[in-house]
Every structure is written in structure tokens, then in C-alpha cells.
Amino acid sequence: MAHPAQRRWYPIAFAVALLVFMPLLVLMASWQEVDRQIWSHLWQTQLPRLVGNTLTLVLGVGVGVTVLGVSLAWLTSLCEFPGRRWLDWALMLPFAIPAYVLAFVFVGLLDFSGPLQTLLREWLGSGVRLPRVRSTSGVIIVLVLVFYPYVYLLARNAFLAQGKGLMEAARTLGHSPWQSFWRVALPVARPAIGAGLALALMETLADFGAVSVFNFDTFTTAIYKTWYGFYSLGSAAQLACLLLFAVMLVLYGERRARGAVRPAVERPRSGALYRLTGLRAAAASAWCLLVFACAFVIPVLQLLVWFWQRGRFDLDERYLALILHTLYLGAMAALITVSIALLLAFARRQVPTRLMGATVGLANLGYALPGSMLAVAIMLAFSRLDNGLVIPLSTWLGGAGKALLLGSLGALLLAYLIRFLAVAYGPLEASLARVRPSLAQASRSLGVGGVALFVRVYLPLLMPGVLSAALLVFVDVLKEMPATLLMRPFGWDTLAVRIFEMTSEGEWARAALPALTLVAVGLLPVILLIRRSAPRIG
């Protein structure tokens, strides 16, 4: 039982958990009123296609990121081949490219009127034509190239953590490297691979920008069209419920995979186990280089070309205002989110009970909620509050009787808080775990407690974790598209919104400037992630 002085942490944790759980309650309540006309139209024209597209996308991306991530992780963590040392970290750089940026680069580069097909027709004749890029396979390939680092990073760390013992034991039993991979390394790394796959699939279900570029209808695009096309927030919320059900299935599958096998705990290896030579070494280098070139090098080079051709002319006062709006939203969201996450981390430390652990875990579920779903839930809740409380109260007090919550900056910041709280909580919890309780006890014995204890003892020690958490949230907010697109106040366009507007009109070159800005900023947390990831072998 918690000490009476510690019970004050429970209301804080409960309030944050309720805040995160609120969108789920709102979505469930939306089924009280069903617009039969809209749902009849959706069923006849869109819903079967949405379900089929979503299942195809999940299956295709799931297989793709698993094959790509596991193969690259196996090569860079267990094998020695030319270029392995720098490819080991370079293969994480695609983390910095948002899915919608890679999507419009691929469409602009490979479309019939794009530079590649135009060049091929000039060289080989007008009859040359590449397969259509705006296709199901096209969007799957783009999402695989964007999300494979989730599987790659976790699988790589799992392979490194297995140590020499397992592989050497397999070799002494007569297994070849291929047999050792299938029978030993892969089963032991399955929980980590499952966790990375779950993250990739949740991002796939939540994606809005990339599928919009490819005109590939999924639940996220249907939510947007239902709200802006039918002006039915309730029907959009009901579609969001179906999307939430898919996300919950992915989370359930990840939990089952994580609990199926206990990861091996050994001393990490200090060198590669297999030295590749000849054709095998060339094939390993070529495979890694091909993925790196398609996922990072070619897109960045194409963005630079477009920027020089057209994007640089958009560097004016309007673009500076766009940058200021984006930075302001990112900074405000980072400040609020890190502050709330810090309170949760202290609550978990001060009251280490099962109830507190479950409450904090519930508060961190927001990262699994797609941005479009959060936006619809918050808009629906705030619309009802405006109509049922704010407008009548304002009218009664002699005011203008206008809605204050819906379409406000506070609503957007609330969506960011719920969505990215788990992103901030992870680094803060790890930093707080490294602070020994004896330091706080010694400070209290010297008469330092309360706020002074936090400022003089905890804050200096937690500062690296605080900065890391703030940076991660800041960059995630900058790249976030669906919630920002749906909820931004009038005149509060961001870089992500600018990219959506330009790509919707086919203005690939004009979208290059904000895209390059996001990629440059996105490299900062990737560099931080590379430094904190498992040590490179060799």
C-alpha cells in the first residue's frame, strides 16, 4: 500500500490516463446515432474496397518490412563484407524521411511524365513505358522502404545480444550458417522482430499522406473524405472505430509474439561470425546499398534537384511564417508533453504498485492511436462541449455565442499530447531509473525537499533524458500530418500541410522545400538513435 504522502500521485496518473482514454470513449459513444444514408452509401461504394485495400496493405507491408529488416539486420550484425561498418548505421537514416515525402518523390520521379520515363523515351523511343507507379504495389514498396527500419533496428539489436554461444553451439552441431539462422537466431529474435513489425503495421494503418499521394483509399483517407465530403463528424468517428479495431488486433498480435519466446541474454559479440568473400560479399554489399539508395540517397538527391529548379523561389516571407508556425507548434507540444510525461515517470517511481503501473501503461497507449482517429474523436468531443456548454454559457453572459474549443490551438495540442506522450515517457523513465533513491534521501536529510529537490538534484541528472524526449516529440510533431490537417486553426498551416497542398496539385518541385526542411530536422533524432543503439560490431 502506498504511503499517504505518495497517494497524491494517483490523481495525476488517473487524470492523464483518462485524458488518453477519452478519445476511445467518444468514438464508442458515436454509435448511438447512425446516419443510415451515409453508411448505405459507404457500404455500396467504398467500404468493401477500404477493407480490401487495408488488408492488402497490411499484408504486403508486413511481409516486406520483415524480409527487408531481418535480412539487413542479419547481414550487418553477423557478417563481414565491404561497406558493412558504415551501412550498419546508414540503414537507419530512412527514419528521417516521412512516408508522404518518399511517396511524392517516387510518384514524381517514376510517373509517366516524370524525369526517368521522359529520359528513357528520349533514349529508347516513345514506346518505352515503365509499370504504373500509382498502384497497390507502388504504395506497398514506398511504405516498406519507410518502415523497414523499425524491424531492422530491433532485429539487429536482438541478433547482437545473442552472443557467440548460440551460433557456436549450432555450428558444433553441424548446422550451416543458413540452418543456424532459421533454427536458432530467428526464433530467439522473434519477440524483437514482432515488436518492430507491430510498430511498422501501426504506422501503416495510421498513414494518411502516402496513401493520399497514391490515391489509394484506406480508412484514414475515408475518415478525411467523410468529414470534409459529407460533413458528418459522427460517421467519420464510426469509421475511426473500425480503424481502432484493426490497431488493437495488431497490438494483440505483438503481445502474443513477445510472450511466446524469451529473448536470449548473453554477452554481445565484439566481431562478426561469418566473413563473406567473393560473390557472397558482393551480393551482400549490393543488397544493402540498393536499399539505402532507394530509401534515402535517391529521394534526397531528387528533392535537391527539385529545390534548385523551383523550390528555392518559394523562400519568402510566407515560407518563413510557415516555418514559425511549425516550430511554435513543435516547441509548445514538446514542452507540454515532456512535462506531463515527467509527472508520470515520477508517479511510477514514487508509487511502484500494480495499479500505478497499469494506469501509466494506459496513459502511454496514445501512440497506438492514429492521428486521424484522434482528431475526429477530439473534434467530436469538443463540438458537443461547444454546443452543449460553451455557446449557451457565452450567450447567457452576453457574449458572441461562438464555439471556442472546436478548431482551437488547444485542441490540436491535446491531440499531440495524447499521440506522443509515450514517445517522451520512454527516455524520461530510463533517465529517472539511473537516479539512485539514496540521492534524494541524502538531500532531504540536508533540508532540501519539494521543488528545490527537483531543481537542484533531479533536473540536472535528468536533463539528457529531458532533451532527448523533447527532441523526439518536437520532430514527430513537425512531421505529423493527419491530425494537423484536420484540426489546425485557420491560418496555422505547417510544413506537413504545405506538402499535402502542393502534392495534391501535383506540384512536386514546390513541395521539395518543406520536404527537405523536414528531412533535415528529422536527421537529428535519427543521429541520437544511432548513438544510443547497440554498439556496432567489428
# chains A, B, ... in the order shown; residues from 1 in each chain; ligands from 1
>>> residues_around(residues="Val466 (chain A)", least_positions_apart="3", cutoff="9 Å", atoms="only C-alpha atoms", output="JSON, numbers by chain")
{"A": [338, 342, 424, 427, 428, 431, 459, 462, 463, 469, 470, 471]}
>>> residues_around(residues="region 315-330 of chain A", least_positions_apart="4", cutoff="12 Å", atoms="only C-alpha atoms", output="JSON, numbers by chain")
{"A": [307, 308, 310, 311, 334, 335, 336, 337, 338, 409, 410, 411, 412, 413, 414, 415, 416, 417, 420, 470, 471, 472, 473, 474, 475, 476, 477, 478, 479, 480, 481, 484, 488, 489, 490, 491, 492, 493, 494, 495, 496, 497, 498, 499, 510, 511, 512, 513, 514, 515, 517, 518, 521]}
>>> residues_around(residues="Gly278 (chain A)", least_positions_apart="5", cutoff="12 Å", atoms="only C-alpha atoms", output="list in words")
Glu80, Phe81, Pro82, Ala283, Ala284 and Ser285 of chain A
>>> write_last_selection(atoms="C-alpha atoms", output="PDB file, in the first residue's frame")
ATOM      1  CA  GLU A  80      31.620  -9.145 -42.567  1.00  0.00           C
ATOM      2  CA  PHE A  81      31.521  -7.684 -46.078  1.00  0.00           C
ATOM      3  CA  PRO A  82      32.755  -4.499 -47.805  1.00  0.00           C
ATOM      4  CA  ALA A 283      25.831  -9.638 -53.174  1.00  0.00           C
ATOM      5  CA  ALA A 284      25.589  -8.550 -49.509  1.00  0.00           C
ATOM      6  CA  SER A 285      27.072  -5.138 -50.272  1.00  0.00           C
TER       7      SER A 285
END
>>> closest_residue(among="A:Leu389, A:Ala509, A:Leu467, A:Ala381", to="Leu27 (chain A)", atoms="only C-alpha atoms")
A:Ala381
>>> select_by_dssp(residues="region 29-262 of chain A", states="alpha helix (DSSP H)", output="PyMOL selection string")
chain A and resi 29+36-45+47-78+84-90+99-110+115-124+136-161+163-172+177-180+186-206+209-213+219-230+233-260
>>> closest_residue(among="A:Pro437, A:Pro11, A:Gly62, A:Gly52", to="Met356 (chain A)", atoms="only C-alpha atoms")
A:Pro11
>>> residues_around(residues="Leu355 (chain A)", least_positions_apart="2", cutoff="12 Å", atoms="only C-alpha atoms", output="VMD selection string")
chain A and resid 1 to 2 7 9 to 10 13 to 14 17 347 to 348 351 to 353 357 to 362
>>> write_last_selection(atoms="N, CA and C atoms", output="PDB file, in the first residue's frame")
ATOM      1  N   MET A   1       0.848  -1.200   0.000  1.00  0.00           N
ATOM      2  CA  MET A   1       0.000   0.000   0.000  1.00  0.00           C
ATOM      3  C   MET A   1       0.879   1.244   0.000  1.00  0.00           C
ATOM      4  N   ALA A   2       0.535   2.199  -0.798  1.00  0.00           N
ATOM      5  CA  ALA A   2       1.341   3.413  -0.891  1.00  0.00           C
ATOM      6  C   ALA A   2       1.229   4.232   0.375  1.00  0.00           C
ATOM      7  N   ARG A   7       0.108   9.155  -2.118  1.00  0.00           N
ATOM      8  CA  ARG A   7      -1.181   8.973  -2.796  1.00  0.00           C
ATOM      9  C   ARG A   7      -1.557  10.161  -3.673  1.00  0.00           C
ATOM     10  N   TRP A   9       0.004  11.194  -6.027  1.00  0.00           N
ATOM     11  CA  TRP A   9       0.392  10.912  -7.397  1.00  0.00           C
ATOM     12  C   TRP A   9      -0.709  10.195  -8.160  1.00  0.00           C
ATOM     13  N   TYR A  10      -1.594   9.498  -7.441  1.00  0.00           N
ATOM     14  CA  TYR A  10      -2.661   8.759  -8.120  1.00  0.00           C
ATOM     15  C   TYR A  10      -3.588   9.667  -8.931  1.00  0.00           C
ATOM     16  N   ALA A  13      -1.883  10.597 -12.258  1.00  0.00           N
ATOM     17  CA  ALA A  13      -1.814   9.492 -13.222  1.00  0.00           C
ATOM     18  C   ALA A  13      -3.200   9.145 -13.762  1.00  0.00           C
ATOM     19  N   PHE A  14      -4.209   9.121 -12.881  1.00  0.00           N
ATOM     20  CA  PHE A  14      -5.573   8.811 -13.318  1.00  0.00           C
ATOM     21  C   PHE A  14      -6.080   9.853 -14.313  1.00  0.00           C
ATOM     22  N   ALA A  17      -4.387   9.282 -17.684  1.00  0.00           N
ATOM     23  CA  ALA A  17      -4.919   8.072 -18.307  1.00  0.00           C
ATOM     24  C   ALA A  17      -6.330   8.311 -18.852  1.00  0.00           C
ATOM     25  N   ALA A 347       5.466   9.646 -10.861  1.00  0.00           N
ATOM     26  CA  ALA A 347       4.380   8.904 -10.223  1.00  0.00           C
ATOM     27  C   ALA A 347       4.684   7.415 -10.204  1.00  0.00           C
ATOM     28  N   ARG A 348       5.206   6.895 -11.288  1.00  0.00           N
ATOM     29  CA  ARG A 348       5.554   5.466 -11.351  1.00  0.00           C
ATOM     30  C   ARG A 348       6.685   5.141 -10.396  1.00  0.00           C
ATOM     31  N   VAL A 351       5.310   5.632  -6.549  1.00  0.00           N
ATOM     32  CA  VAL A 351       4.278   4.658  -6.145  1.00  0.00           C
ATOM     33  C   VAL A 351       4.428   3.420  -7.031  1.00  0.00           C
ATOM     34  N   PRO A 352       5.354   2.524  -6.706  1.00  0.00           N
ATOM     35  CA  PRO A 352       5.610   1.354  -7.553  1.00  0.00           C
ATOM     36  C   PRO A 352       4.614   0.216  -7.308  1.00  0.00           C
ATOM     37  N   THR A 353       3.344   0.478  -7.541  1.00  0.00           N
ATOM     38  CA  THR A 353       2.307  -0.533  -7.348  1.00  0.00           C
ATOM     39  C   THR A 353       1.769  -1.003  -8.694  1.00  0.00           C
ATOM     40  N   GLY A 357       1.236   1.105 -12.159  1.00  0.00           N
ATOM     41  CA  GLY A 357       1.833   0.622 -13.395  1.00  0.00           C
ATOM     42  C   GLY A 357       0.809   0.468 -14.507  1.00  0.00           C
ATOM     43  N   ALA A 358      -0.381  -0.065 -14.159  1.00  0.00           N
ATOM     44  CA  ALA A 358      -1.441  -0.214 -15.156  1.00  0.00           C
ATOM     45  C   ALA A 358      -1.947   1.142 -15.626  1.00  0.00           C
ATOM     46  N   THR A 359      -2.052   2.091 -14.690  1.00  0.00           N
ATOM     47  CA  THR A 359      -2.535   3.430 -15.049  1.00  0.00           C
ATOM     48  C   THR A 359      -1.560   4.136 -15.985  1.00  0.00           C
ATOM     49  N   VAL A 360      -0.268   4.054 -15.670  1.00  0.00           N
ATOM     50  CA  VAL A 360       0.748   4.673 -16.520  1.00  0.00           C
ATOM     51  C   VAL A 360       0.789   3.982 -17.884  1.00  0.00           C
ATOM     52  N   GLY A 361       0.634   2.659 -17.882  1.00  0.00           N
ATOM     53  CA  GLY A 361       0.596   1.934 -19.158  1.00  0.00           C
ATOM     54  C   GLY A 361      -0.560   2.371 -20.024  1.00  0.00           C
ATOM     55  N   LEU A 362      -1.727   2.585 -19.404  1.00  0.00           N
ATOM     56  CA  LEU A 362      -2.884   3.064 -20.160  1.00  0.00           C
ATOM     57  C   LEU A 362      -2.648   4.465 -20.711  1.00  0.00           C
TER      58      LEU A 362
END
>>> atom_distance(atom1="CA of Leu290 (chain A)", atom2="CA of Phe106 (chain A)")
15.2 Å
>>> residues_around(residues="Leu109 (chain A)", least_positions_apart="5", cutoff="10 Å", atoms="only C-alpha atoms", output="PyMOL selection string")
chain A and resi 103-104+114-118+133+298-299+302+508
>>> residues_around(residues="Trp287 (chain A)", least_positions_apart="4", cutoff="12 Å", atoms="only C-alpha atoms", output="ChimeraX atom specification")
/A:68-69,71-73,75-76,81-84,87,91,280-283,291-294
>>> decode(residues="region 270-301 of chain A", atoms="N, CA and C atoms", output="PDB file, in the first residue's frame")
ATOM      1  N   SER A 270      31.727  -9.079 -30.115  1.00  0.00           N
ATOM      2  CA  SER A 270      32.628  -7.973 -30.456  1.00  0.00           C
ATOM      3  C   SER A 270      33.110  -8.058 -31.889  1.00  0.00           C
ATOM      4  N   GLY A 271      32.657  -9.056 -32.634  1.00  0.00           N
ATOM      5  CA  GLY A 271      33.070  -9.199 -34.015  1.00  0.00           C
ATOM      6  C   GLY A 271      32.086 -10.024 -34.798  1.00  0.00           C
ATOM      7  N   ALA A 272      32.214  -9.978 -36.133  1.00  0.00           N
ATOM      8  CA  ALA A 272      31.303 -10.739 -36.992  1.00  0.00           C
ATOM      9  C   ALA A 272      31.629 -12.222 -36.914  1.00  0.00           C
ATOM     10  N   LEU A 273      30.604 -13.065 -37.084  1.00  0.00           N
ATOM     11  CA  LEU A 273      30.791 -14.516 -37.038  1.00  0.00           C
ATOM     12  C   LEU A 273      31.130 -15.093 -38.400  1.00  0.00           C
ATOM     13  N   TYR A 274      30.609 -14.457 -39.461  1.00  0.00           N
ATOM     14  CA  TYR A 274      30.797 -15.001 -40.801  1.00  0.00           C
ATOM     15  C   TYR A 274      31.462 -13.957 -41.677  1.00  0.00           C
ATOM     16  N   ARG A 275      32.613 -14.318 -42.248  1.00  0.00           N
ATOM     17  CA  ARG A 275      33.313 -13.409 -43.149  1.00  0.00           C
ATOM     18  C   ARG A 275      32.978 -13.822 -44.586  1.00  0.00           C
ATOM     19  N   LEU A 276      32.244 -12.945 -45.271  1.00  0.00           N
ATOM     20  CA  LEU A 276      31.832 -13.239 -46.631  1.00  0.00           C
ATOM     21  C   LEU A 276      32.925 -12.843 -47.616  1.00  0.00           C
ATOM     22  N   THR A 277      33.094 -13.660 -48.647  1.00  0.00           N
ATOM     23  CA  THR A 277      34.107 -13.385 -49.664  1.00  0.00           C
ATOM     24  C   THR A 277      33.505 -13.600 -51.046  1.00  0.00           C
ATOM     25  N   GLY A 278      34.166 -13.044 -52.025  1.00  0.00           N
ATOM     26  CA  GLY A 278      33.786 -13.286 -53.408  1.00  0.00           C
ATOM     27  C   GLY A 278      32.401 -12.787 -53.747  1.00  0.00           C
ATOM     28  N   LEU A 279      31.650 -13.667 -54.423  1.00  0.00           N
ATOM     29  CA  LEU A 279      30.318 -13.306 -54.898  1.00  0.00           C
ATOM     30  C   LEU A 279      29.364 -13.027 -53.747  1.00  0.00           C
ATOM     31  N   ARG A 280      29.478 -13.769 -52.646  1.00  0.00           N
ATOM     32  CA  ARG A 280      28.587 -13.556 -51.500  1.00  0.00           C
ATOM     33  C   ARG A 280      28.808 -12.172 -50.892  1.00  0.00           C
ATOM     34  N   ALA A 281      30.050 -11.757 -50.762  1.00  0.00           N
ATOM     35  CA  ALA A 281      30.349 -10.429 -50.219  1.00  0.00           C
ATOM     36  C   ALA A 281      29.803  -9.337 -51.139  1.00  0.00           C
ATOM     37  N   ALA A 282      29.986  -9.522 -52.451  1.00  0.00           N
ATOM     38  CA  ALA A 282      29.478  -8.528 -53.411  1.00  0.00           C
ATOM     39  C   ALA A 282      27.955  -8.459 -53.359  1.00  0.00           C
ATOM     40  N   ALA A 283      27.292  -9.622 -53.230  1.00  0.00           N
ATOM     41  CA  ALA A 283      25.831  -9.638 -53.174  1.00  0.00           C
ATOM     42  C   ALA A 283      25.324  -8.957 -51.907  1.00  0.00           C
ATOM     43  N   ALA A 284      25.992  -9.185 -50.761  1.00  0.00           N
ATOM     44  CA  ALA A 284      25.589  -8.550 -49.509  1.00  0.00           C
ATOM     45  C   ALA A 284      25.739  -7.040 -49.594  1.00  0.00           C
ATOM     46  N   SER A 285      26.861  -6.577 -50.129  1.00  0.00           N
ATOM     47  CA  SER A 285      27.072  -5.138 -50.272  1.00  0.00           C
ATOM     48  C   SER A 285      26.046  -4.526 -51.228  1.00  0.00           C
ATOM     49  N   ALA A 286      25.794  -5.221 -52.344  1.00  0.00           N
ATOM     50  CA  ALA A 286      24.855  -4.697 -53.327  1.00  0.00           C
ATOM     51  C   ALA A 286      23.439  -4.607 -52.757  1.00  0.00           C
ATOM     52  N   TRP A 287      23.020  -5.606 -51.985  1.00  0.00           N
ATOM     53  CA  TRP A 287      21.675  -5.607 -51.406  1.00  0.00           C
ATOM     54  C   TRP A 287      21.507  -4.435 -50.436  1.00  0.00           C
ATOM     55  N   CYS A 288      22.471  -4.257 -49.546  1.00  0.00           N
ATOM     56  CA  CYS A 288      22.382  -3.164 -48.573  1.00  0.00           C
ATOM     57  C   CYS A 288      22.444  -1.808 -49.260  1.00  0.00           C
ATOM     58  N   LEU A 289      23.325  -1.680 -50.253  1.00  0.00           N
ATOM     59  CA  LEU A 289      23.449  -0.413 -50.969  1.00  0.00           C
ATOM     60  C   LEU A 289      22.184  -0.095 -51.765  1.00  0.00           C
ATOM     61  N   LEU A 290      21.567  -1.114 -52.349  1.00  0.00           N
ATOM     62  CA  LEU A 290      20.339  -0.898 -53.112  1.00  0.00           C
ATOM     63  C   LEU A 290      19.231  -0.356 -52.219  1.00  0.00           C
ATOM     64  N   VAL A 291      19.054  -0.960 -51.052  1.00  0.00           N
ATOM     65  CA  VAL A 291      18.016  -0.500 -50.127  1.00  0.00           C
ATOM     66  C   VAL A 291      18.318   0.918 -49.658  1.00  0.00           C
ATOM     67  N   PHE A 292      19.572   1.180 -49.299  1.00  0.00           N
ATOM     68  CA  PHE A 292      19.953   2.510 -48.814  1.00  0.00           C
ATOM     69  C   PHE A 292      19.753   3.565 -49.897  1.00  0.00           C
ATOM     70  N   ALA A 293      20.112   3.218 -51.143  1.00  0.00           N
ATOM     71  CA  ALA A 293      19.960   4.176 -52.236  1.00  0.00           C
ATOM     72  C   ALA A 293      18.492   4.482 -52.505  1.00  0.00           C
ATOM     73  N   CYS A 294      17.643   3.438 -52.526  1.00  0.00           N
ATOM     74  CA  CYS A 294      16.224   3.651 -52.840  1.00  0.00           C
ATOM     75  C   CYS A 294      15.484   4.357 -51.706  1.00  0.00           C
ATOM     76  N   ALA A 295      15.880   4.077 -50.462  1.00  0.00           N
ATOM     77  CA  ALA A 295      15.143   4.611 -49.316  1.00  0.00           C
ATOM     78  C   ALA A 295      15.646   5.980 -48.868  1.00  0.00           C
ATOM     79  N   PHE A 296      16.887   6.346 -49.230  1.00  0.00           N
ATOM     80  CA  PHE A 296      17.416   7.614 -48.710  1.00  0.00           C
ATOM     81  C   PHE A 296      18.150   8.443 -49.760  1.00  0.00           C
ATOM     82  N   VAL A 297      19.143   7.872 -50.426  1.00  0.00           N
ATOM     83  CA  VAL A 297      20.019   8.663 -51.291  1.00  0.00           C
ATOM     84  C   VAL A 297      19.256   9.247 -52.477  1.00  0.00           C
ATOM     85  N   ILE A 298      18.558   8.404 -53.243  1.00  0.00           N
ATOM     86  CA  ILE A 298      17.841   8.883 -54.427  1.00  0.00           C
ATOM     87  C   ILE A 298      16.751   9.894 -54.065  1.00  0.00           C
ATOM     88  N   PRO A 299      15.921   9.634 -53.033  1.00  0.00           N
ATOM     89  CA  PRO A 299      14.916  10.648 -52.672  1.00  0.00           C
ATOM     90  C   PRO A 299      15.513  11.994 -52.288  1.00  0.00           C
ATOM     91  N   VAL A 300      16.604  11.985 -51.505  1.00  0.00           N
ATOM     92  CA  VAL A 300      17.204  13.250 -51.083  1.00  0.00           C
ATOM     93  C   VAL A 300      17.794  13.982 -52.285  1.00  0.00           C
ATOM     94  N   LEU A 301      18.465  13.258 -53.184  1.00  0.00           N
ATOM     95  CA  LEU A 301      19.029  13.895 -54.377  1.00  0.00           C
ATOM     96  C   LEU A 301      17.925  14.485 -55.256  1.00  0.00           C
TER      97      LEU A 301
END
